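What's in query-v3.pdb: PDB, C-alpha atoms
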ATOM      1  CA  GLY A   3     -14.685   1.446  -3.675
ATOM      2  CA  GLU A   4     -16.715  -1.129  -5.563
ATOM      3  CA  TYR A   5     -16.246  -2.880  -8.904
ATOM      4  CA  ALA A   6     -17.002  -6.109 -10.752
ATOM      5  CA  GLY A   7     -14.008  -8.417 -10.833
ATOM      6  CA  ILE A   8     -12.142 -11.104  -8.902
ATOM      7  CA  GLY A   9     -10.654  -9.096  -6.007
ATOM      8  CA  ILE A  10      -6.881  -8.923  -6.255
ATOM      9  CA  GLN A  11      -4.321  -6.135  -6.179
ATOM     10  CA  ILE A  12      -1.280  -6.540  -8.436
ATOM     11  CA  MET A  13       2.219  -5.082  -8.250
ATOM     12  CA  GLY A  14       4.040  -4.988 -11.608
ATOM     13  CA  ASN A  15       7.842  -4.814 -11.760
ATOM     14  CA  TYR A  16       9.022  -3.241 -15.009
ATOM     15  CA  ALA A  17      12.625  -4.333 -14.419
ATOM     16  CA  THR A  18      11.745  -8.037 -14.254
ATOM     17  CA  GLY A  19       8.358  -7.952 -15.986
ATOM     18  CA  ILE A  20       6.871  -9.975 -13.114
ATOM     19  CA  CYS A  21       3.372  -9.235 -11.798
ATOM     20  CA  THR A  22       2.791 -10.337  -8.216
ATOM     21  CA  ILE A  23      -0.458 -10.470  -6.278
ATOM     22  CA  SER A  24       0.140  -8.071  -3.386
ATOM     23  CA  ARG A  25      -3.308  -8.262  -1.822
ATOM     24  CA  VAL A  26      -6.366 -10.493  -1.966
ATOM     25  CA  PHE A  27      -9.489  -8.605  -0.914
ATOM     26  CA  LEU A  28     -11.623  -9.894   1.941
ATOM     27  CA  ASP A  29     -14.589 -12.076   0.943
ATOM     28  CA  SER A  30     -13.624 -11.838  -2.731
ATOM     29  CA  PRO A  31     -13.937 -14.512  -5.453
ATOM     30  CA  ALA A  32     -10.114 -14.688  -5.524
ATOM     31  CA  MET A  33     -10.011 -15.493  -1.813
ATOM     32  CA  GLU A  34     -12.760 -18.094  -2.212
ATOM     33  CA  VAL A  35     -10.817 -20.097  -4.837
ATOM     34  CA  GLY A  36      -7.512 -19.890  -2.937
ATOM     35  CA  LEU A  37      -5.431 -17.271  -4.730
ATOM     36  CA  LEU A  38      -2.752 -15.978  -2.348
ATOM     37  CA  LYS A  39      -0.692 -12.899  -1.753
ATOM     38  CA  GLY A  40       2.723 -13.616  -3.300
ATOM     39  CA  ASP A  41       1.368 -15.630  -6.248
ATOM     40  CA  ILE A  42       2.963 -14.549  -9.541
ATOM     41  CA  LEU A  43       0.334 -13.911 -12.200
ATOM     42  CA  THR A  44       1.387 -15.697 -15.405
ATOM     43  CA  LYS A  45      -1.751 -15.946 -17.522
ATOM     44  CA  VAL A  46      -5.247 -14.472 -17.717
ATOM     45  CA  GLU A  47      -7.297 -16.284 -20.347
ATOM     46  CA  ASP A  48      -4.930 -16.331 -23.364
ATOM     47  CA  ILE A  49      -2.779 -13.349 -22.315
ATOM     48  CA  ASP A  50       0.734 -13.980 -20.991
ATOM     49  CA  VAL A  51       0.909 -11.511 -18.109
ATOM     50  CA  THR A  52       3.895  -9.200 -17.729
ATOM     51  CA  ALA A  53       4.192  -5.679 -16.371
ATOM     52  CA  TYR A  54       3.614  -4.495 -19.945
ATOM     53  CA  THR A  55       0.410  -6.492 -20.498
ATOM     54  CA  MET A  56      -0.873  -6.086 -16.936
ATOM     55  CA  GLN A  57      -3.563  -3.545 -17.851
ATOM     56  CA  ASP A  58      -4.920  -5.849 -20.561
ATOM     57  CA  ALA A  59      -5.102  -8.640 -17.979
ATOM     58  CA  VAL A  60      -6.873  -6.354 -15.513
ATOM     59  CA  ASP A  61      -9.404  -5.369 -18.174
ATOM     60  CA  ILE A  62     -10.219  -9.064 -18.685
ATOM     61  CA  MET A  63     -10.482  -9.834 -14.955
ATOM     62  CA  ARG A  64     -12.958  -6.994 -14.573
ATOM     63  CA  GLY A  65     -16.160  -7.817 -16.367
ATOM     64  CA  GLU A  66     -19.657  -9.172 -16.181
ATOM     65  CA  ILE A  67     -20.788 -10.443 -12.795
ATOM     66  CA  GLY A  68     -21.309 -14.208 -12.741
ATOM     67  CA  LYS A  69     -18.997 -14.913 -15.681
ATOM     68  CA  PRO A  70     -15.848 -17.045 -15.102
ATOM     69  CA  VAL A  71     -12.272 -16.062 -15.932
ATOM     70  CA  ASN A  72      -9.269 -18.406 -16.194
ATOM     71  CA  ILE A  73      -6.250 -17.425 -14.102
ATOM     72  CA  GLN A  74      -2.827 -19.076 -13.961
ATOM     73  CA  VAL A  75      -0.234 -18.302 -11.295
ATOM     74  CA  MET A  76       3.226 -19.476 -10.303
ATOM     75  CA  ARG A  77       3.434 -20.428  -6.623
ATOM     76  CA  GLY A  78       6.948 -21.454  -5.701
ATOM     77  CA  ASP A  79       7.911 -23.879  -8.482
ATOM     78  CA  GLN A  80       4.312 -24.871  -9.296
ATOM     79  CA  LEU A  81       2.027 -23.569 -12.039
ATOM     80  CA  LEU A  82      -1.545 -23.488 -10.719
ATOM     81  CA  ASP A  83      -4.766 -22.912 -12.670
ATOM     82  CA  PHE A  84      -7.913 -21.334 -11.231
ATOM     83  CA  VAL A  85     -11.357 -20.566 -12.573
ATOM     84  CA  VAL A  86     -12.680 -17.484 -10.802
ATOM     85  CA  THR A  87     -16.244 -16.211 -11.136
ATOM     86  CA  ARG A  88     -16.454 -12.429 -11.279
ATOM     87  CA  GLN A  89     -18.508 -10.819  -8.528
ATOM     88  CA  THR A  90     -19.018  -7.396  -7.026
ATOM     89  CA  VAL A  91     -15.876  -6.622  -5.021
ATOM     90  CA  HIS A  92     -16.042  -4.180  -2.110
ATOM     91  CA  VAL A  93     -12.729  -2.390  -1.551
ATOM     92  CA  ASN A  94     -11.917  -1.419   2.014
ATOM     93  CA  TRP A  95      -9.117   1.148   1.987
ATOM     94  CA  VAL A  96      -8.565   1.097   5.758
ATOM     95  CA  ASN A  97      -8.920  -1.390   8.602
ATOM     96  CA  SER A  98      -8.051  -1.074  12.286
ATOM     97  CA  CYS A  99      -8.153  -2.680  15.709
ATOM     98  CA  MET A 100      -6.872  -2.225  19.249
ATOM     99  CA  LEU A 101      -3.954  -4.334  20.441
ATOM    100  CA  GLU A 102      -3.195  -5.074  24.078
ATOM    101  CA  GLY A 103      -1.267  -2.451  25.994
ATOM    102  CA  ASP A 104      -3.217   0.492  24.542
ATOM    103  CA  VAL A 105      -1.627   0.185  21.090
ATOM    104  CA  GLY A 106      -3.832   1.122  18.155
ATOM    105  CA  TYR A 107      -3.270  -0.542  14.775
ATOM    106  CA  ILE A 108      -4.329   0.859  11.381
ATOM    107  CA  SER A 109      -3.729  -0.858   8.053
ATOM    108  CA  LEU A 110      -3.946   1.522   5.077
ATOM    109  CA  TYR A 111      -4.152  -0.459   1.847
ATOM    110  CA  GLU A 112      -4.016   2.273  -0.783
ATOM    111  CA  PHE A 113      -4.100   6.064  -1.124
ATOM    112  CA  SER A 114      -7.358   6.038  -3.089
ATOM    113  CA  GLY A 115     -11.040   6.731  -2.800
ATOM    114  CA  ASP A 116     -12.010   8.259   0.542
ATOM    115  CA  CYS A 117      -8.954   6.826   2.314
ATOM    116  CA  SER A 118      -7.875  10.000   4.151
ATOM    117  CA  ASP A 119     -11.367  10.541   5.604
ATOM    118  CA  ALA A 120     -11.665   6.832   6.437
ATOM    119  CA  PHE A 121      -8.223   6.917   8.073
ATOM    120  CA  LYS A 122      -9.248   9.832  10.311
ATOM    121  CA  GLN A 123     -12.426   8.015  11.343
ATOM    122  CA  HIS A 124     -10.502   4.861  12.279
ATOM    123  CA  TYR A 125      -7.828   6.907  14.083
ATOM    124  CA  ASP A 126     -10.400   8.871  16.106
ATOM    125  CA  LYS A 127     -12.141   5.613  17.024
ATOM    126  CA  LEU A 128      -8.846   4.169  18.328
ATOM    127  CA  LEU A 129      -8.171   7.299  20.370
ATOM    128  CA  SER A 130     -11.642   7.051  21.880
ATOM    129  CA  ALA A 131     -10.892   3.424  22.772
ATOM    130  CA  GLY A 132      -7.795   4.539  24.699
ATOM    131  CA  ALA A 133      -4.938   4.148  22.208
ATOM    132  CA  LYS A 134      -1.705   5.627  23.569
ATOM    133  CA  ALA A 135       0.550   4.496  20.684
ATOM    134  CA  LEU A 136      -0.147   3.848  16.997
ATOM    135  CA  ILE A 137       1.107   1.337  14.436
ATOM    136  CA  LEU A 138       0.449   2.428  10.834
ATOM    137  CA  ASP A 139       0.786  -0.497   8.429
ATOM    138  CA  LEU A 140       1.724   0.563   4.881
ATOM    139  CA  ARG A 141       2.925  -2.871   3.750
ATOM    140  CA  ASP A 142       1.831  -3.741   0.207
ATOM    141  CA  ASN A 143       0.407  -0.233  -0.192
ATOM    142  CA  PRO A 144       1.281   0.717  -3.799
ATOM    143  CA  GLY A 145       0.569   4.421  -3.303
ATOM    144  CA  GLY A 146      -2.010   6.568  -5.052
ATOM    145  CA  TRP A 147      -2.898  10.223  -4.633
ATOM    146  CA  VAL A 148      -0.178  12.415  -3.109
ATOM    147  CA  ASP A 149      -2.783  14.739  -1.576
ATOM    148  CA  ASP A 150      -4.064  11.878   0.601
ATOM    149  CA  ALA A 151      -0.535  11.153   1.871
ATOM    150  CA  VAL A 152      -0.166  14.848   2.716
ATOM    151  CA  LYS A 153      -3.540  14.966   4.532
ATOM    152  CA  ILE A 154      -2.627  11.965   6.675
ATOM    153  CA  GLY A 155       0.880  13.290   7.299
ATOM    154  CA  ASP A 156      -0.579  16.604   8.402
ATOM    155  CA  ILE A 157      -2.344  14.842  11.294
ATOM    156  CA  PHE A 158       0.980  13.808  12.841
ATOM    157  CA  LEU A 159       3.471  16.434  11.628
ATOM    158  CA  ASP A 160       3.781  19.979  12.900
ATOM    159  CA  GLU A 161       4.488  22.845  10.502
ATOM    160  CA  GLY A 162       7.160  21.868   7.986
ATOM    161  CA  VAL A 163       8.008  20.024   4.779
ATOM    162  CA  ILE A 164       6.402  16.690   3.887
ATOM    163  CA  ALA A 165       7.979  16.333   0.428
ATOM    164  CA  THR A 166       9.438  18.420  -2.371
ATOM    165  CA  LEU A 167       8.919  17.926  -6.092
ATOM    166  CA  GLN A 168      11.374  18.780  -8.842
ATOM    167  CA  TYR A 169       9.834  19.155 -12.293
ATOM    168  CA  ARG A 170      11.475  18.478 -15.644
ATOM    169  CA  ASP A 171      11.876  22.196 -16.321
ATOM    170  CA  GLY A 172      13.798  22.671 -13.068
ATOM    171  CA  SER A 173      10.969  24.319 -11.145
ATOM    172  CA  GLY A 174       9.836  22.911  -7.833
ATOM    173  CA  GLU A 175       6.930  22.542  -5.453
ATOM    174  CA  THR A 176       6.740  21.840  -1.740
ATOM    175  CA  TYR A 177       4.084  19.876   0.126
ATOM    176  CA  SER A 178       3.860  21.065   3.729
ATOM    177  CA  SER A 179       2.100  20.289   6.983
ATOM    178  CA  LYS A 180       0.395  22.960   9.053
ATOM    179  CA  LYS A 181       0.824  23.962  12.676
ATOM    180  CA  GLY A 182      -0.583  21.643  15.293
ATOM    181  CA  ALA A 183      -0.017  17.912  15.293
ATOM    182  CA  ASP A 184      -0.980  14.853  17.302
ATOM    183  CA  THR A 185       1.963  13.622  19.356
ATOM    184  CA  ILE A 186       0.964   9.972  19.807
ATOM    185  CA  PRO A 187       4.048   7.669  19.700
ATOM    186  CA  MET A 188       4.092   6.096  16.266
ATOM    187  CA  VAL A 189       5.518   3.106  14.363
ATOM    188  CA  VAL A 190       5.200   2.661  10.588
ATOM    189  CA  LEU A 191       5.387  -0.773   8.957
ATOM    190  CA  VAL A 192       6.712  -1.006   5.376
ATOM    191  CA  ASN A 193       7.847  -3.716   2.986
ATOM    192  CA  GLU A 194       9.176  -4.188  -0.543
ATOM    193  CA  ASN A 195       5.735  -3.383  -1.998
ATOM    194  CA  SER A 196       5.270  -0.082  -0.144
ATOM    195  CA  ALA A 197       5.575   2.457  -2.950
ATOM    196  CA  SER A 198       4.989   6.011  -4.108
ATOM    197  CA  ALA A 199       2.659   7.862  -1.697
ATOM    198  CA  SER A 200       3.537   5.266   0.969
ATOM    199  CA  GLU A 201       7.166   6.320   0.624
ATOM    200  CA  ILE A 202       6.266  10.011   0.713
ATOM    201  CA  LEU A 203       4.462   9.527   4.022
ATOM    202  CA  SER A 204       6.928   7.149   5.656
ATOM    203  CA  GLY A 205       9.903   9.205   4.425
ATOM    204  CA  ALA A 206       8.461  12.391   5.933
ATOM    205  CA  LEU A 207       7.671  10.732   9.265
ATOM    206  CA  GLN A 208      11.190   9.265   9.376
ATOM    207  CA  ASP A 209      13.104  12.386   8.341
ATOM    208  CA  ARG A 210      11.269  14.517  10.853
ATOM    209  CA  ASP A 211      11.825  12.049  13.703
ATOM    210  CA  ARG A 212       8.107  11.535  14.098
ATOM    211  CA  ALA A 213       7.927   7.746  13.732
ATOM    212  CA  THR A 214      10.088   4.627  13.831
ATOM    213  CA  ILE A 215      10.020   2.745  10.518
ATOM    214  CA  VAL A 216       9.959  -1.068  10.800
ATOM    215  CA  GLY A 217      10.188  -3.672   8.024
ATOM    216  CA  VAL A 218      12.314  -3.919   4.884
ATOM    217  CA  GLN A 219      13.481  -1.536   2.145
ATOM    218  CA  THR A 220      10.543  -0.057   0.242
ATOM    219  CA  TYR A 221       9.887  -0.283  -3.504
ATOM    220  CA  GLY A 222      11.525   2.950  -4.672
ATOM    221  CA  LYS A 223       8.974   4.771  -6.830
ATOM    222  CA  GLY A 224       9.937   8.405  -6.462
ATOM    223  CA  VAL A 225       8.217   9.942  -9.481
ATOM    224  CA  VAL A 226       4.892  11.706  -9.806
ATOM    225  CA  GLN A 227       2.327  11.354 -12.568
ATOM    226  CA  TYR A 228      -0.498  13.548 -13.742
ATOM    227  CA  VAL A 229      -3.516  12.035 -15.455
ATOM    228  CA  LEU A 230      -4.505  14.074 -18.511
ATOM    229  CA  PRO A 231      -8.061  13.558 -19.857
ATOM    230  CA  VAL A 232      -8.225  12.187 -23.403
ATOM    231  CA  GLY A 233     -11.438  12.169 -25.450
ATOM    232  CA  GLU A 234     -14.922  12.023 -24.010
ATOM    233  CA  GLU A 235     -15.113   8.452 -22.681
ATOM    234  CA  GLY A 236     -13.341   8.999 -19.362
ATOM    235  CA  ALA A 237      -9.968   7.890 -20.760
ATOM    236  CA  GLY A 238      -6.716   9.507 -19.751
ATOM    237  CA  MET A 239      -2.976   9.553 -20.316
ATOM    238  CA  GLN A 240      -0.634   9.187 -17.344
ATOM    239  CA  LEU A 241       2.382  11.447 -17.747
ATOM    240  CA  THR A 242       5.449  11.418 -15.478
ATOM    241  CA  VAL A 243       6.149  15.041 -14.590
ATOM    242  CA  ALA A 244       8.352  15.200 -11.495
ATOM    243  CA  GLN A 245      10.593  13.455  -9.026
ATOM    244  CA  TYR A 246      10.053  13.803  -5.304
ATOM    245  CA  TYR A 247      12.429  14.027  -2.351
ATOM    246  CA  THR A 248      11.976  13.537   1.391
ATOM    247  CA  PRO A 249      12.191  16.557   3.764
ATOM    248  CA  ASN A 250      15.955  15.971   4.181
ATOM    249  CA  GLY A 251      16.421  16.013   0.410
ATOM    250  CA  ASN A 252      16.832  12.247   0.012
ATOM    251  CA  GLU A 253      16.052  10.739  -3.378
ATOM    252  CA  VAL A 254      13.589   7.837  -3.314
ATOM    253  CA  HIS A 255      13.350   6.684  -6.933
ATOM    254  CA  LYS A 256      14.938   3.246  -7.415
ATOM    255  CA  ILE A 257      16.252   3.508  -3.833
ATOM    256  CA  GLY A 258      13.307   3.402  -1.433
ATOM    257  CA  ILE A 259      13.041   4.121   2.277
ATOM    258  CA  THR A 260      15.404   2.265   4.614
ATOM    259  CA  PRO A 261      13.704   1.163   7.858
ATOM    260  CA  ASP A 262      15.102   2.114  11.259
ATOM    261  CA  VAL A 263      14.433  -1.465  12.403
ATOM    262  CA  VAL A 264      14.941  -4.084   9.675
ATOM    263  CA  VAL A 265      12.699  -7.143   9.995
ATOM    264  CA  GLU A 266      12.523  -9.662   7.161
ATOM    265  CA  MET A 267       9.310 -11.598   6.674
ATOM    266  CA  PRO A 268       9.989 -15.354   7.041
ATOM    267  CA  GLU A 269       9.564 -17.222   3.757
ATOM    268  CA  GLU A 270       6.730 -19.324   5.133
ATOM    269  CA  GLN A 271       4.739 -16.181   6.046
ATOM    270  CA  LYS A 272       5.128 -14.270   2.783
ATOM    271  CA  SER A 273       1.976 -15.692   1.200
ATOM    272  CA  MET A 274      -0.056 -15.960   4.393
ATOM    273  CA  PHE A 275      -3.245 -14.020   5.010
ATOM    274  CA  PHE A 276      -3.342 -12.661   8.551
ATOM    275  CA  GLU A 277      -6.442 -11.539  10.365
ATOM    276  CA  ILE A 278      -6.300  -7.878  11.380
ATOM    277  CA  GLY A 279      -3.894  -7.424  14.317
ATOM    278  CA  ASP A 280      -2.593 -11.024  14.319
ATOM    279  CA  LEU A 281       0.690 -10.858  16.262
ATOM    280  CA  THR A 282       1.959 -14.149  14.812
ATOM    281  CA  ASP A 283       2.823 -11.866  11.874
ATOM    282  CA  VAL A 284       6.570 -11.487  12.541
ATOM    283  CA  GLN A 285       6.884  -7.932  11.215
ATOM    284  CA  LEU A 286       3.784  -6.698  13.037
ATOM    285  CA  ASN A 287       4.977  -8.355  16.230
ATOM    286  CA  GLU A 288       8.265  -6.440  16.081
ATOM    287  CA  ALA A 289       6.437  -3.165  15.399
ATOM    288  CA  TYR A 290       4.219  -3.914  18.405
ATOM    289  CA  LYS A 291       7.274  -4.417  20.635
ATOM    290  CA  VAL A 292       8.711  -1.083  19.426
ATOM    291  CA  ALA A 293       5.394   0.633  20.174
ATOM    292  CA  LEU A 294       5.268  -0.841  23.688
ATOM    293  CA  ASP A 295       8.844   0.333  24.317
ATOM    294  CA  MET A 296       7.764   3.857  23.371
ATOM    295  CA  LEU A 297       5.197   3.769  26.181
ATOM    296  CA  LYS A 298       7.665   2.784  28.891
TER     297      LYS A 298
END

Can you dump the structure from the file as structure tokens?
Amino acid sequence: GEYAGIGIQIMGNYATGICTISRVFLDSPAMEVGLLKGDILTKVEDIDVTAYTMQDAVDIMRGEIGKPVNIQVMRGDQLLDFVVTRQTVHVNWVNSCMLEGDVGYISLYEFSGDCSDAFKQHYDKLLSAGAKALILDLRDNPGGWVDDAVKIGDIFLDEGVIATLQYRDGSGETYSSKKGADTIPMVVLVNENSASASEILSGALQDRDRATIVGVQTYGKGVVQYVLPVGEEGAGMQLTVAQYYTPNGNEVHKIGITPDVVVEMPEEQKSMFFEIGDLTDVQLNEAYKVALDMLK
């Protein structure tokens, strides 16, 4: 939840090679200099950034506190250069607020760290504040640990399948929810950067008629990796071992999750930073309307 760097999250596309900033962390050096969500990362120091050199670029951006790093991005048709001073970055996995009309809103940024525990704390706080419907925002959430997606899904899904895995050798595994589930009306927000564990969770909630999905087609990462330790320095090798399917048996890889209510983000809003719960956000506003309709 804390590291030394500049404070951005990057989504790499191996089909196009393009690396896009999908999130700028609050109060980070990147936010201070004006880097924006939607900027395409083109250069870090002397490295030309592609999906294949992204990790090298990340290694450079993380470093000694107080030292500058040169960043170049493409914004629209402009190449822009920034000098960003590395600082301690605090990663908040979850944020939430109450919206008018007794609608609770939770934004889950990544399935990492203590996110499932933090999610439950935010959810319980919203219930205590009187939330009668919930919007779960998984936009720009690149995924992470499957177990966290299952834990969060288990809060809202009664006994049944959350996802199934098919391994290379033909064997399988099923992730399931247990008996007993909260029945709060629910809307899930997704976009083109919602991937992996985000798609596991949203796909399960959709297939089992537990939530209405709002937004645009998700990324389509339907494979699972294991991290195998290598050596004694904390290194590891990420190995793709399985493909996952939604409860109805739908394939996700290179397809994604199709929303029930399709809402495109206007071009002028794609790089905007919205304060938590800002209903000028077109996609959030539509999700809010759907949530209010559920309470009628």

### Task
I need the residue set behind the PyMOL selection byres ((chain A and resi 88) around 10) for this file; please write it as a PyMOL selection string.
chain A and resi 5-9+30-32+63-71+85-87+89-91

### Residue with smallest distance to Val190 in chain A - pool A:Tyr16, A:Tyr290, A:Tyr54, A:Tyr125, counting all atoms listed in the file
A:Tyr290

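Using all atoms listed in the file, the smallest distance between any of A:Lys180, A:Arg77, A:Lys134, A:Lys223 and Gly146 in chain A comes from A:Lys223.
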
Selection: 8 Å around Gln168 in chain A, all atoms listed in the file, excl. self and same-chain fewer than 5 positions, as a compact mmCIF listing (two decimals) with C-alpha atoms, keeping the file's coordinate frame:
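The result, written out as out.txt:
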# COMPACT_ATOMS: atom_id res chain seq x y z
CA SER A 173 10.97 24.32 -11.14
CA GLY A 174 9.84 22.91 -7.83
CA GLU A 175 6.93 22.54 -5.45
CA ALA A 244 8.35 15.20 -11.50
CA GLN A 245 10.59 13.46 -9.03
CA TYR A 246 10.05 13.80 -5.30

### Task
Would you kindly return, as JSON, numbers by chain, each protein, DNA or RNA residue with an atom no farther than 6 Å from any atom of range 270-279 of chain A, considering all atoms listed in the file and excluding same-chain residues fewer than 2 positions away?
{"A": [38, 39, 40, 268]}

### Query
How far is it from CA of Lys127 in chain A to CA of Asn97 in chain A, in Å with one decimal?
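Pair CA of Lys127 in chain A / CA of Asn97 in chain A returns 11.4 Å.
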
Please write the residues picked by the PyMOL selection byres ((chain A and resi 135-143) around 6) on this file as a CSV table (one decimal) with C-alpha atoms, in the coordinates of the input.
chain,number,residue,atom,x,y,z
A,24,SER,CA,0.1,-8.1,-3.4
A,105,VAL,CA,-1.6,0.2,21.1
A,106,GLY,CA,-3.8,1.1,18.2
A,107,TYR,CA,-3.3,-0.5,14.8
A,108,ILE,CA,-4.3,0.9,11.4
A,109,SER,CA,-3.7,-0.9,8.1
A,110,LEU,CA,-3.9,1.5,5.1
A,111,TYR,CA,-4.2,-0.5,1.8
A,112,GLU,CA,-4.0,2.3,-0.8
A,133,ALA,CA,-4.9,4.1,22.2
A,134,LYS,CA,-1.7,5.6,23.6
A,144,PRO,CA,1.3,0.7,-3.8
A,145,GLY,CA,0.6,4.4,-3.3
A,186,ILE,CA,1.0,10.0,19.8
A,187,PRO,CA,4.0,7.7,19.7
A,188,MET,CA,4.1,6.1,16.3
A,189,VAL,CA,5.5,3.1,14.4
A,190,VAL,CA,5.2,2.7,10.6
A,191,LEU,CA,5.4,-0.8,9.0
A,192,VAL,CA,6.7,-1.0,5.4
A,193,ASN,CA,7.8,-3.7,3.0
A,195,ASN,CA,5.7,-3.4,-2.0
A,196,SER,CA,5.3,-0.1,-0.1

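Residue nearest Asp171 in chain A within the list A:Val243, A:Lys45, A:Ala131, A:Glu201: A:Val243 [criterion: smallest interatomic distance, all atoms listed in the file].
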
### Task
Would you work out the distance separating CA of Lys122 in chain A from CA of Asp184 in chain A, expressed in Å to one decimal?
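Taking CA of Lys122 in chain A as the start and CA of Asp184 in chain A as the end point, the length is 11.9 Å.
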
### Query
For Leu28 in chain A, which of A:Glu266, A:Met56, A:His92, A:Arg212 is the closest residue, counting all atoms listed in the file?
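The closest residue to Leu28 in chain A is A:His92.
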
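Using only C-alpha atoms, the smallest distance between any of A:Ile257, A:Ile23, A:Ile42, A:Leu129 and Leu81 in chain A comes from A:Ile42.
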
### Message
Here is a test: counting only C-alpha atoms, which residue of A:Leu128, A:Asp83, A:Thr176, A:Phe121 is nearest to Cys99 in chain A?
### Response
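Smallest separation from Cys99 in chain A among the options: A:Leu128.
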
Range 267-274 of chain A: axis-aligned bounding box, 6 Å on each side, centre and edge lengths in Å, one decimal, as lines of an AutoDock Vina configuration file:
center_x = 5.0
center_y = -15.5
center_z = 4.1
size_x = 22.0
size_y = 19.7
size_z = 17.8

### Task
List the residues matched by the PyMOL selection byres ((chain A and resi 215) around 9) in the displayed structure as a PyMOL selection string, ordered by chain and then by residue number.
chain A and resi 188-192+204-205+207-208+213-214+216-217+259-264+289

### Query
How many Å lie between CA of Asp149 in chain A and CA of Ser114 in chain A, rounded to one decimal?
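Between CA of Asp149 in chain A and CA of Ser114 in chain A the gap works out to 9.9 Å.
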
Could you extract range 67-106 of chain A of the given structure into a file holding C-alpha atoms, as a JSON list (two decimals), in the first residue's frame?
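Output file selection33.json is given in full below:
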[["chain", "number", "residue", "atom", "x", "y", "z"],
["A", 67, "ILE", "CA", 12.69, 9.62, -2.85],
["A", 68, "GLY", "CA", 13.49, 13.19, -3.89],
["A", 69, "LYS", "CA", 15.15, 12.22, -7.17],
["A", 70, "PRO", "CA", 13.57, 13.41, -10.47],
["A", 71, "VAL", "CA", 12.53, 11.22, -13.40],
["A", 72, "ASN", "CA", 11.79, 12.38, -16.96],
["A", 73, "ILE", "CA", 8.44, 11.28, -18.37],
["A", 74, "GLN", "CA", 7.04, 11.82, -21.87],
["A", 75, "VAL", "CA", 3.41, 11.21, -22.79],
["A", 76, "MET", "CA", 1.18, 11.58, -25.83],
["A", 77, "ARG", "CA", -1.99, 13.54, -25.06],
["A", 78, "GLY", "CA", -4.22, 13.74, -28.11],
["A", 79, "ASP", "CA", -1.81, 14.77, -30.88],
["A", 80, "GLN", "CA", 0.68, 16.45, -28.53],
["A", 81, "LEU", "CA", 3.91, 15.07, -27.07],
["A", 82, "LEU", "CA", 4.34, 16.46, -23.54],
["A", 83, "ASP", "CA", 7.41, 16.26, -21.29],
["A", 84, "PHE", "CA", 7.30, 16.20, -17.49],
["A", 85, "VAL", "CA", 9.91, 16.09, -14.76],
["A", 86, "VAL", "CA", 8.44, 14.25, -11.78],
["A", 87, "THR", "CA", 10.13, 14.03, -8.39],
["A", 88, "ARG", "CA", 9.74, 10.63, -6.75],
["A", 89, "GLN", "CA", 7.98, 10.65, -3.39],
["A", 90, "THR", "CA", 6.33, 8.18, -1.06],
["A", 91, "VAL", "CA", 3.03, 7.20, -2.69],
["A", 92, "HIS", "CA", 0.15, 5.97, -0.53],
["A", 93, "VAL", "CA", -2.12, 3.57, -2.42],
["A", 94, "ASN", "CA", -5.77, 3.58, -1.44],
["A", 95, "TRP", "CA", -7.43, 0.44, -2.79],
["A", 96, "VAL", "CA", -10.98, 1.52, -1.92],
["A", 97, "ASN", "CA", -12.91, 4.77, -1.59],
["A", 98, "SER", "CA", -16.59, 5.40, -0.88],
["A", 99, "CYS", "CA", -19.29, 7.96, -0.21],
["A", 100, "MET", "CA", -23.04, 8.30, 0.16],
["A", 101, "LEU", "CA", -25.06, 9.73, -2.71],
["A", 102, "GLU", "CA", -28.48, 11.33, -2.34],
["A", 103, "GLY", "CA", -31.45, 9.01, -2.24],
["A", 104, "ASP", "CA", -29.78, 6.46, 0.06],
["A", 105, "VAL", "CA", -27.41, 5.18, -2.65],
["A", 106, "GLY", "CA", -24.00, 4.05, -1.46]]
